[in-house]
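Undergrad: Just coords35.txt, nothing more (compact mmCIF, C-alpha atoms and all ligand atoms):
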```txt
# COMPACT_ATOMS: atom_id res chain seq x y z
CA MET S 1038 13.63 2.67 16.63
CA SER S 1039 15.01 3.91 13.33
CA HIS S 1040 17.15 1.84 10.96
CA LEU S 1041 20.20 3.86 11.86
CA GLU S 1042 19.73 3.36 15.60
CA ASP S 1043 19.65 -0.31 14.78
CA ILE S 1044 22.99 -0.01 13.03
CA GLU S 1045 24.36 1.92 16.01
CA LYS S 1046 23.37 -1.08 18.15
CA THR S 1047 25.16 -3.39 15.72
CA LYS S 1048 28.24 -1.21 16.20
CA SER S 1049 28.33 -1.55 19.95
CA GLY S 1050 26.78 -4.94 20.45
CA GLY S 1051 28.24 -6.73 17.45
CA LYS S 1052 24.87 -8.37 16.83
CA GLN S 1053 23.15 -8.05 13.49
CA LYS S 1054 19.70 -7.54 14.91
CA SER S 1055 18.70 -5.86 18.11
CA THR S 1056 16.33 -7.58 20.52
CA PRO S 1057 13.02 -5.76 20.34
CA PRO S 1058 12.03 -4.08 23.58
CA GLU S 1059 9.17 -5.65 25.48
CA ILE S 1060 5.74 -4.54 24.39
CA PRO S 1061 4.10 -2.84 27.35
CA LEU S 1062 0.76 -4.04 28.62
CA GLN S 1063 -2.00 -2.17 26.89
CA SER S 1064 -5.36 -0.91 27.96
CA ASP S 1065 -8.59 -2.21 26.44
CA ASP S 1066 -9.17 1.02 24.55
CA PHE S 1067 -5.93 0.84 22.52
CA ARG S 1068 -6.54 1.58 18.82
CA SER S 1069 -4.45 0.34 15.93
CA GLY S 1070 -4.60 -0.68 12.32
CA PHE S 1071 -2.88 -1.37 9.02
CA ILE S 1072 -3.16 1.27 6.31
CA THR S 1073 -2.01 0.23 2.84
CA LEU S 1074 -1.12 2.74 0.11
CA ILE S 1075 -1.66 1.55 -3.43
CA GLY S 1076 -1.52 3.24 -6.81
CA ARG S 1077 0.25 3.45 -10.13
CA PRO S 1078 4.04 3.61 -10.15
CA ASN S 1079 5.57 7.00 -9.39
CA VAL S 1080 2.49 8.67 -7.89
CA GLY S 1081 4.38 9.25 -4.62
CA LYS S 1082 3.32 6.39 -2.31
CA SER S 1083 6.75 5.97 -0.75
CA SER S 1084 7.24 9.73 -0.43
CA LEU S 1085 3.90 9.90 1.40
CA VAL S 1086 4.80 7.16 3.87
CA ASN S 1087 8.13 8.87 4.58
CA ARG S 1088 6.39 12.22 5.09
CA ILE S 1089 3.71 10.74 7.37
CA ILE S 1090 6.21 8.85 9.54
CA GLY S 1091 8.72 11.70 9.43
CA GLU S 1092 11.75 9.70 8.37
CA LYS S 1093 13.03 7.68 5.43
CA ILE S 1094 11.23 4.36 5.56
CA SER S 1095 11.11 3.55 1.87
CA ILE S 1096 13.34 4.71 -0.98
CA THR S 1097 11.99 7.07 -3.66
CA ALA S 1098 13.07 7.91 -7.20
CA LYS S 1099 11.99 9.61 -10.39
CA THR S 1100 11.92 6.26 -12.17
CA PRO S 1101 8.77 4.11 -11.97
CA ASN S 1102 8.78 0.74 -10.15
CA THR S 1103 11.16 1.89 -7.45
CA THR S 1104 9.48 0.03 -4.58
CA ARG S 1105 9.84 -3.73 -4.96
CA SER S 1106 8.19 -5.12 -1.84
CA ALA S 1107 5.75 -4.04 0.85
CA VAL S 1108 7.49 -1.73 3.32
CA ARG S 1109 5.99 -0.91 6.72
CA GLY S 1110 6.29 2.39 8.58
CA ILE S 1111 4.90 2.67 12.12
CA LEU S 1112 3.33 5.83 13.56
CA GLU S 1113 2.60 6.13 17.27
CA ARG S 1114 0.40 8.38 19.31
CA PRO S 1115 -0.64 7.88 22.93
CA GLY S 1116 -2.94 4.85 22.94
CA LYS S 1117 -2.64 4.42 19.15
CA GLN S 1118 -0.47 2.70 16.58
CA ALA S 1119 -0.91 3.07 12.82
CA VAL S 1120 1.07 0.77 10.53
CA PHE S 1121 1.43 2.26 7.05
CA VAL S 1122 2.24 -0.20 4.28
CA ASP S 1123 3.97 1.13 1.16
CA THR S 1124 3.58 -1.10 -1.90
CA PRO S 1125 5.06 -1.46 -5.40
CA GLY S 1126 3.20 0.55 -8.06
CA ILE S 1127 0.62 -1.57 -9.90
CA HIS S 1128 1.37 -1.69 -13.63
CA LYS S 1129 1.17 -3.83 -16.76
CA PRO S 1130 3.90 -6.39 -16.08
CA ARG S 1131 6.53 -7.11 -18.70
CA SER S 1132 8.59 -9.62 -16.75
CA PRO S 1133 8.26 -12.11 -13.89
CA LEU S 1134 9.68 -9.34 -11.68
CA GLY S 1135 6.84 -7.02 -12.75
CA SER S 1136 4.26 -9.71 -11.96
CA ARG S 1137 5.88 -10.27 -8.58
CA LEU S 1138 5.67 -6.53 -7.78
CA ASN S 1139 1.96 -6.43 -8.62
CA ALA S 1140 1.29 -9.56 -6.56
CA SER S 1141 3.10 -8.04 -3.62
CA ALA S 1142 0.92 -4.89 -3.83
CA TYR S 1143 -2.30 -6.93 -3.96
CA GLU S 1144 -1.17 -9.12 -1.04
CA ALA S 1145 -0.68 -5.96 1.02
CA VAL S 1146 -4.24 -4.71 0.50
CA SER S 1147 -5.96 -7.86 1.60
CA ASP S 1148 -7.20 -7.80 5.17
CA VAL S 1149 -6.16 -4.23 6.09
CA ASP S 1150 -8.17 -1.63 7.98
CA ILE S 1151 -7.74 1.29 5.60
CA THR S 1152 -6.76 1.39 1.92
CA ILE S 1153 -5.40 4.60 0.43
CA LEU S 1154 -5.50 4.94 -3.33
CA VAL S 1155 -2.82 7.47 -4.28
CA LEU S 1156 -3.26 9.58 -7.44
CA ASP S 1157 -0.88 12.01 -9.11
CA ALA S 1158 -2.52 15.47 -9.30
CA SER S 1159 -0.21 16.52 -12.12
CA LYS S 1160 -1.24 13.65 -14.44
CA GLU S 1161 -4.50 12.66 -16.02
CA ILE S 1162 -6.44 10.19 -13.90
CA GLY S 1163 -6.75 7.27 -16.27
CA LYS S 1164 -7.46 3.61 -16.94
CA GLY S 1165 -4.58 2.47 -14.73
CA ASP S 1166 -6.07 4.27 -11.72
CA GLN S 1167 -9.55 2.94 -12.54
CA TYR S 1168 -8.22 -0.59 -12.81
CA ILE S 1169 -6.58 -0.34 -9.39
CA ALA S 1170 -9.69 1.28 -7.86
CA LYS S 1171 -11.81 -1.62 -9.11
CA GLY S 1172 -9.59 -4.09 -7.27
CA MET S 1173 -9.96 -2.26 -3.95
CA SER S 1174 -11.73 -4.12 -1.19
CA HIS S 1175 -15.06 -2.68 -0.11
CA ASN S 1176 -14.85 -4.20 3.35
CA ASN S 1177 -12.67 -1.53 4.84
CA THR S 1178 -12.30 2.26 4.97
CA SER S 1179 -11.25 3.71 1.61
CA ILE S 1180 -9.32 6.93 1.15
CA VAL S 1181 -8.41 8.60 -2.12
CA CYS S 1182 -5.32 10.76 -1.81
CA LEU S 1183 -4.51 13.22 -4.58
CA ASN S 1184 -0.76 13.78 -4.21
CA LYS S 1185 1.65 16.29 -5.82
CA ILE S 1186 -0.77 19.20 -5.53
CA ASP S 1187 2.25 21.49 -5.44
CA LEU S 1188 2.61 20.80 -9.17
CA THR S 1189 -0.83 22.11 -10.08
CA ASP S 1190 -3.29 24.91 -9.27
CA GLN S 1191 -6.37 24.92 -7.05
CA ASN S 1192 -8.82 24.65 -9.96
CA ARG S 1193 -7.13 21.56 -11.33
CA VAL S 1194 -7.02 20.02 -7.85
CA MET S 1195 -10.79 20.49 -7.54
CA SER S 1196 -11.50 19.08 -11.01
CA GLN S 1197 -9.20 16.09 -10.38
CA LEU S 1198 -10.98 15.33 -7.09
CA ARG S 1199 -14.36 15.64 -8.79
CA PHE S 1200 -13.23 13.37 -11.63
CA ALA S 1201 -11.94 10.79 -9.15
CA ALA S 1202 -15.21 10.85 -7.17
CA GLU S 1203 -17.30 10.40 -10.34
CA ASN S 1204 -15.18 7.87 -12.21
CA LEU S 1205 -13.30 5.61 -9.83
CA GLY S 1206 -16.37 3.94 -8.38
CA ILE S 1207 -15.06 3.74 -4.82
CA ALA S 1208 -18.05 3.75 -2.49
CA ASP S 1209 -17.93 5.97 0.62
CA ALA S 1210 -14.36 7.10 0.03
CA GLU S 1211 -12.88 10.09 1.79
CA TYR S 1212 -10.87 12.47 -0.43
CA PHE S 1213 -7.68 14.33 0.46
CA ALA S 1214 -5.44 16.66 -1.52
CA VAL S 1215 -1.83 16.56 -0.34
CA SER S 1216 1.78 17.09 -1.27
CA ALA S 1217 4.37 14.67 0.06
CA GLN S 1218 6.98 17.15 -1.10
CA THR S 1219 5.80 20.29 0.72
CA GLY S 1220 3.84 18.53 3.46
CA ALA S 1221 0.59 20.31 2.51
CA GLY S 1222 -2.46 18.44 3.79
CA ILE S 1223 -0.42 15.71 5.48
CA LYS S 1224 -1.28 16.65 9.06
CA HIS S 1225 -5.01 16.61 8.31
CA LEU S 1226 -4.74 13.28 6.48
CA THR S 1227 -2.76 11.73 9.33
CA GLU S 1228 -5.20 12.95 11.99
CA CYS S 1229 -8.17 11.56 10.06
CA ILE S 1230 -6.46 8.18 9.75
CA LEU S 1231 -5.58 8.09 13.45
CA ASN S 1232 -9.19 8.94 14.32
CA ALA S 1233 -10.47 6.12 12.09
CA LEU S 1234 -8.36 3.39 13.73
CA PRO S 1235 -10.45 0.56 15.18
CA PRO S 1236 -9.78 -0.98 18.60
CA GLY S 1237 -6.82 -3.31 18.28
CA PRO S 1238 -3.51 -4.46 19.75
CA GLN S 1239 -0.14 -2.77 19.75
CA TYR S 1240 1.46 -4.61 16.83
CA PHE S 1241 5.03 -3.31 17.23
CA PRO S 1242 7.14 -2.31 20.24
CA THR S 1243 7.05 1.34 21.36
CA GLY S 1244 9.57 3.50 19.52
CA MET S 1245 9.87 1.29 16.42
CA THR S 1246 9.30 3.19 13.16
CA SER S 1247 10.01 0.39 10.68
CA ASP S 1248 10.35 -3.37 10.67
CA THR S 1249 12.63 -3.54 7.66
CA ASP S 1250 15.78 -5.55 8.35
CA GLU S 1251 18.80 -3.24 8.44
CA THR S 1252 20.62 -5.19 5.69
CA VAL S 1253 17.60 -4.78 3.40
CA PHE S 1254 17.43 -1.07 4.22
CA ILE S 1255 21.11 -0.45 3.43
CA ALA S 1256 20.79 -2.36 0.13
CA GLU S 1257 17.82 -0.11 -0.67
CA LEU S 1258 19.88 3.01 0.09
CA VAL S 1259 22.46 1.81 -2.43
CA ARG S 1260 19.78 1.10 -5.03
CA GLU S 1261 18.22 4.52 -4.42
CA GLN S 1262 21.51 6.24 -5.19
CA LEU S 1263 22.04 4.13 -8.30
CA LEU S 1264 18.54 5.07 -9.54
CA ARG S 1265 19.50 8.73 -9.24
CA PHE S 1266 22.35 8.36 -11.70
CA VAL S 1267 21.60 5.60 -14.20
CA LYS S 1268 19.36 5.96 -17.24
CA GLU S 1269 17.36 4.03 -19.86
CA GLU S 1270 16.57 0.44 -19.01
CA LEU S 1271 19.16 0.18 -16.25
CA PRO S 1272 16.96 1.05 -13.21
CA HIS S 1273 14.89 -2.09 -13.75
CA SER S 1274 18.00 -4.24 -14.19
CA ILE S 1275 19.57 -3.27 -10.89
CA ALA S 1276 19.18 -5.19 -7.66
CA CYS S 1277 21.23 -4.81 -4.48
CA LYS S 1278 21.95 -7.25 -1.72
CA ILE S 1279 24.07 -6.97 1.44
CA THR S 1280 26.25 -10.07 1.64
CA GLU S 1281 28.18 -9.09 4.77
CA LEU S 1282 27.45 -6.69 7.62
CA ASN S 1283 30.12 -6.74 10.24
CA TRP S 1284 30.34 -3.15 11.34
CA PRO S 1285 32.18 -1.05 10.24
CA TYR S 1286 32.44 -3.34 7.17
CA ILE S 1287 29.45 -3.67 4.86
CA ARG S 1288 29.63 -5.56 1.58
CA CYS S 1289 26.90 -4.86 -0.96
CA GLU S 1290 26.50 -6.69 -4.23
CA ILE S 1291 24.98 -4.76 -7.11
CA LEU S 1292 23.40 -7.11 -9.64
CA VAL S 1293 22.97 -6.09 -13.27
CA GLU S 1294 21.82 -8.17 -16.22
CA ARG S 1295 24.55 -7.65 -18.82
CA ASP S 1296 28.28 -6.95 -19.08
CA SER S 1297 27.55 -3.62 -20.79
CA GLN S 1298 25.46 -2.59 -17.76
CA LYS S 1299 28.27 -3.57 -15.42
CA ALA S 1300 30.59 -1.25 -17.32
CA MET S 1301 28.00 1.55 -17.07
CA VAL S 1302 27.65 1.17 -13.30
CA ILE S 1303 31.37 1.00 -12.68
CA SER S 1304 31.91 3.82 -15.22
CA LYS S 1305 35.21 5.39 -16.17
CA ASN S 1306 37.71 5.05 -13.29
CA GLY S 1307 34.90 3.81 -11.02
CA HIS S 1308 33.75 7.41 -10.68
CA LEU S 1309 30.01 6.64 -10.42
CA LEU S 1310 30.51 3.83 -7.92
CA LYS S 1311 32.68 6.11 -5.77
CA GLN S 1312 29.96 8.76 -5.74
CA ILE S 1313 27.29 6.19 -4.85
CA GLY S 1314 29.46 5.03 -1.95
CA ILE S 1315 29.90 8.61 -0.66
CA ASN S 1316 26.16 9.37 -0.88
CA VAL S 1317 25.15 6.18 0.92
CA ARG S 1318 27.81 6.49 3.65
CA ARG S 1319 26.48 9.96 4.45
CA GLN S 1320 23.27 8.25 5.60
CA LEU S 1321 25.06 5.65 7.74
CA PRO S 1322 26.91 6.00 11.05
CA PRO S 1323 30.34 7.64 10.73
CA GLY S 1324 33.14 5.17 10.11
CA THR S 1325 31.10 2.78 7.97
CA TYR S 1326 33.17 1.03 5.29
CA LEU S 1327 30.98 0.22 2.32
CA ASP S 1328 32.31 -2.21 -0.26
CA LEU S 1329 30.32 -2.13 -3.52
CA ILE S 1330 30.74 -5.10 -5.86
CA VAL S 1331 29.07 -5.17 -9.29
CA LYS S 1332 28.04 -8.61 -10.58
CA VAL S 1333 26.32 -9.79 -13.73
CA GLU S 1334 23.37 -12.11 -13.18
CA LYS S 1335 22.06 -12.67 -16.70
CA ASN S 1336 18.39 -11.71 -17.13
CA TRP S 1337 17.64 -12.00 -13.41
CA GLN S 1338 14.32 -10.13 -13.87
CA LYS S 1339 13.02 -13.21 -15.70
CA ARG S 1340 14.31 -15.75 -13.16
CA THR S 1341 11.89 -16.45 -10.35
CA ASP S 1342 14.57 -18.19 -8.23
CA ILE S 1343 16.69 -15.03 -8.17
CA ILE S 1344 13.67 -12.75 -7.66
CA GLU S 1345 12.80 -14.87 -4.64
CA ARG S 1346 16.37 -14.91 -3.36
CA LEU S 1347 16.41 -11.11 -3.54
CA GLY S 1348 13.35 -11.05 -1.29
CA TYR S 1349 11.00 -9.37 -3.80
N1 LIG R 1401 6.51 17.69 -6.86
C1 LIG R 1401 6.25 16.60 -6.14
N2 LIG R 1401 6.94 15.48 -6.37
C2 LIG R 1401 6.63 14.39 -5.62
C3 LIG R 1401 5.63 14.39 -4.62
N3 LIG R 1401 5.54 13.16 -4.10
C4 LIG R 1401 6.49 12.42 -4.71
N4 LIG R 1401 7.15 13.15 -5.64
C5 LIG R 1401 8.22 12.71 -6.53
O1 LIG R 1401 7.67 11.73 -7.41
C6 LIG R 1401 8.64 10.72 -7.70
C7 LIG R 1401 8.08 9.36 -7.34
O2 LIG R 1401 7.91 9.29 -5.94
P1 LIG R 1401 7.86 7.90 -5.17
O3 LIG R 1401 7.49 8.20 -3.77
O4 LIG R 1401 9.11 7.11 -5.42
O5 LIG R 1401 6.65 7.22 -5.94
P2 LIG R 1401 6.01 5.76 -5.73
O6 LIG R 1401 4.55 5.87 -5.96
O7 LIG R 1401 6.45 5.18 -4.45
O8 LIG R 1401 6.66 4.98 -6.95
P3 LIG R 1401 6.87 3.35 -7.15
O9 LIG R 1401 7.60 2.85 -5.96
O10 LIG R 1401 7.67 3.29 -8.38
O11 LIG R 1401 5.51 2.78 -7.31
C8 LIG R 1401 9.90 11.11 -6.89
O12 LIG R 1401 10.78 11.81 -7.75
C9 LIG R 1401 9.36 12.01 -5.80
O13 LIG R 1401 10.30 12.96 -5.34
C10 LIG R 1401 4.90 15.61 -4.41
O14 LIG R 1401 4.00 15.74 -3.57
N5 LIG R 1401 5.27 16.67 -5.21
MG MG R 1402 7.56 3.54 -4.07
```
As structure tokens, how would this structure be written, given the file I've shared?
TA:
Amino acid sequence: MSHLEDIEKTKSGGKQKSTPPEIPLQSDDFRSGFITLIGRPNVGKSSLVNRIIGEKISITAKTPNTTRSAVRGILERPGKQAVFVDTPGIHKPRSPLGSRLNASAYEAVSDVDITILVLDASKEIGKGDQYIAKGMSHNNTSIVCLNKIDLTDQNRVMSQLRFAAENLGIADAEYFAVSAQTGAGIKHLTECILNALPPGPQYFPTGMTSDTDETVFIAELVREQLLRFVKEELPHSIACKITELNWPYIRCEILVERDSQKAMVISKNGHLLKQIGINVRRQLPPGTYLDLIVKVEKNWQKRTDIIERLGY
């Protein structure tokens, strides 16, 4: 079930969350597993999960540190279920929020069946990637995925793969060259992952593509649109939270850290906010009324109580 189908249910049923359908009895040869994607910020982890699942599971943006918590996308095939876990980009933290994002990525790699280290083919593979590779568990299947190959030529792709194989120190890794943008290499990657799944249970009900709560997903859609338009330090200072969902009415609070940022988000005549509202509503069922409220929560990135309250 997609997020939007969930909202459709809210519309008709008036309930905030739909009751999950019963999980059918499964045969002994069912195969399943958790596959976590890790990597530096902005390498395209969320774009890859969306491309593999075939719908928007996790928001993406040009700015680094877009993903703020582990996000699961579920892929089904007859007798198989693969749960892909998108994670925040691992980076040098400059705030308690940054530390929380890193911790959330590391939590998501412990005890999974397959770890995918995502690299950006258009950038030099560097210390950041090596650092993350070192922290990878050696108890499970490791995949190295060179993404954004549409931005570079075949020779560079080959030299990047060779460099990764010689310098990242990941034993027995399988290497893939893909583009989340064009879809190149994705089918092959997906098939290999499905073939590597160990015997296991069906973790989620049939037809479910994500387990993200619909209020969290809508707040993310608002944040994604804001990230498209705001500049400088603002992307890191923005957080969104749905405070009321009573279809067709949805109230979303946009937190910023300073009064000057509030003015930037509201902008002259509320023009920016209006545009954000239009772009988000386009992705929601027709008739949705989205109320966007901008609030100042001084230095929230440094306040662990607020970080926790926001669910990061
Ligand atoms: N050209 C090209 N751009 C890509 C590709 N994959 C992702 N991008 C772009 O790269 C940027 C970052 O993508 P994300 O998927 O948000 O990256 P991420 O690794 O999830 O980033 P964080 O959540 O910040 O860690 C976005 O502007 C994407 O559109 C690709 O294969 N080719
Ligand atoms: Mg991301």
Undergrad: Using all atoms listed in the file, which residues of the polymer chains come no farther than 7 Å from ligand LIG 1401 (chain R)? I'd like the answer as a ChimeraX atom specification.
TA: /S:1076-1085,1096-1104,1124-1126,1184-1188,1215-1219
Undergrad: Give me, please, the distance in Å between CA of Tyr1286 (chain S) and CA of Arg1109 (chain S), quoted to one decimal.
TA: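 Taking CA of Tyr1286 (chain S) as the start and CA of Arg1109 (chain S) as the end point, the length is 26.6 Å.
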Undergrad: Just the residues within 12 Å of Ile1169 (chain S), please, counting only C-alpha atoms, with nothing from its chain fewer than 4 positions along; format it as a CSV table (one decimal) with C-alpha atoms, keeping the file's coordinate frame.
TA:
```
chain,number,residue,atom,x,y,z
S,1074,LEU,CA,-1.1,2.7,0.1
S,1075,ILE,CA,-1.7,1.6,-3.4
S,1076,GLY,CA,-1.5,3.2,-6.8
S,1077,ARG,CA,0.2,3.4,-10.1
S,1078,PRO,CA,4.0,3.6,-10.2
S,1126,GLY,CA,3.2,0.6,-8.1
S,1127,ILE,CA,0.6,-1.6,-9.9
S,1128,HIS,CA,1.4,-1.7,-13.6
S,1129,LYS,CA,1.2,-3.8,-16.8
S,1139,ASN,CA,2.0,-6.4,-8.6
S,1142,ALA,CA,0.9,-4.9,-3.8
S,1143,TYR,CA,-2.3,-6.9,-4.0
S,1146,VAL,CA,-4.2,-4.7,0.5
S,1152,THR,CA,-6.8,1.4,1.9
S,1153,ILE,CA,-5.4,4.6,0.4
S,1154,LEU,CA,-5.5,4.9,-3.3
S,1155,VAL,CA,-2.8,7.5,-4.3
S,1156,LEU,CA,-3.3,9.6,-7.4
S,1162,ILE,CA,-6.4,10.2,-13.9
S,1163,GLY,CA,-6.8,7.3,-16.3
S,1164,LYS,CA,-7.5,3.6,-16.9
S,1165,GLY,CA,-4.6,2.5,-14.7
S,1173,MET,CA,-10.0,-2.3,-4.0
S,1174,SER,CA,-11.7,-4.1,-1.2
S,1181,VAL,CA,-8.4,8.6,-2.1
S,1205,LEU,CA,-13.3,5.6,-9.8
S,1206,GLY,CA,-16.4,3.9,-8.4
S,1207,ILE,CA,-15.1,3.7,-4.8
```
Undergrad: With 6 Å on each side, where is the centre of the axis-aligned box around all listed atoms of region 1191-1197 of chain S, and how long are its edges in Å to one decimal, as AutoDock Vina command-line options?
TA:
```
--center_x -8.9 --center_y 20.5 --center_z -9.2 --size_x 17.1 --size_y 20.8 --size_z 16.3
```
Undergrad: For a quick check of your reading of the model, name the residues lying within 9 Å of the coordinate (-7.5, 16.6, -7.8), counting all atoms listed in the file, and write them as number ranges by chain.
TA: S: 1156-1159, 1162, 1182-1184, 1186, 1189, 1191-1201, 1213-1214
Undergrad: Tell me, in Å to one decimal, how far CA of Gln1338 (chain S) is from CA of Arg1295 (chain S).
TA: 11.6 Å
Undergrad: To one decimal place in Å, what is the distance between CA of Gly1110 (chain S) and CA of Asp1250 (chain S)?
TA: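 Computing it gives 12.4 Å between the two atoms.
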Undergrad: Tell me which residues come within 9 Å of (23.7, 2.7, -2.1), as a CSV table (one decimal) with C-alpha atoms, in the coordinates of the input, counting only C-alpha atoms in the file's coordinates.
TA:
```csv
chain,number,residue,atom,x,y,z
S,1255,ILE,CA,21.1,-0.4,3.4
S,1256,ALA,CA,20.8,-2.4,0.1
S,1257,GLU,CA,17.8,-0.1,-0.7
S,1258,LEU,CA,19.9,3.0,0.1
S,1259,VAL,CA,22.5,1.8,-2.4
S,1260,ARG,CA,19.8,1.1,-5.0
S,1261,GLU,CA,18.2,4.5,-4.4
S,1262,GLN,CA,21.5,6.2,-5.2
S,1263,LEU,CA,22.0,4.1,-8.3
S,1277,CYS,CA,21.2,-4.8,-4.5
S,1289,CYS,CA,26.9,-4.9,-1.0
S,1313,ILE,CA,27.3,6.2,-4.8
S,1314,GLY,CA,29.5,5.0,-2.0
S,1315,ILE,CA,29.9,8.6,-0.7
S,1316,ASN,CA,26.2,9.4,-0.9
S,1317,VAL,CA,25.2,6.2,0.9
S,1318,ARG,CA,27.8,6.5,3.6
S,1327,LEU,CA,31.0,0.2,2.3
S,1329,LEU,CA,30.3,-2.1,-3.5
```
Undergrad: Measuring atom to atom with all atoms listed in the file, identify which of S:Lys1117, S:Arg1105, S:His1175, S:Lys1335 is nearest to Gln1298 (chain S).
TA: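 Under the stated criterion, the closest residue is S:Lys1335.
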Undergrad: My list of candidates is S:Glu1203, S:Asp1328, S:Asp1166, S:Glu1228. Which is closest to Glu1290 (chain S) when distances are computed with only C-alpha atoms?
TA: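 The answer is S:Asp1328, which sits nearest to Glu1290 (chain S).
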Undergrad: When distances are computed from only C-alpha atoms, which of S:Gly1172, S:Pro1115, S:Pro1238, S:Pro1130 shows the smallest separation from Asp1065 (chain S)?
TA: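 Nearest to Asp1065 (chain S): S:Pro1238.
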Undergrad: Taking all atoms listed in the file into account, name the residue in S:Ile1090, S:Asp1209, S:Ala1276, S:Ala1107 that is nearest to ligand MG 1402 (chain R).
TA: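 Going through S:Ile1090, S:Asp1209, S:Ala1276, S:Ala1107 one by one, the smallest distance to ligand MG 1402 (chain R) is for S:Ala1107.
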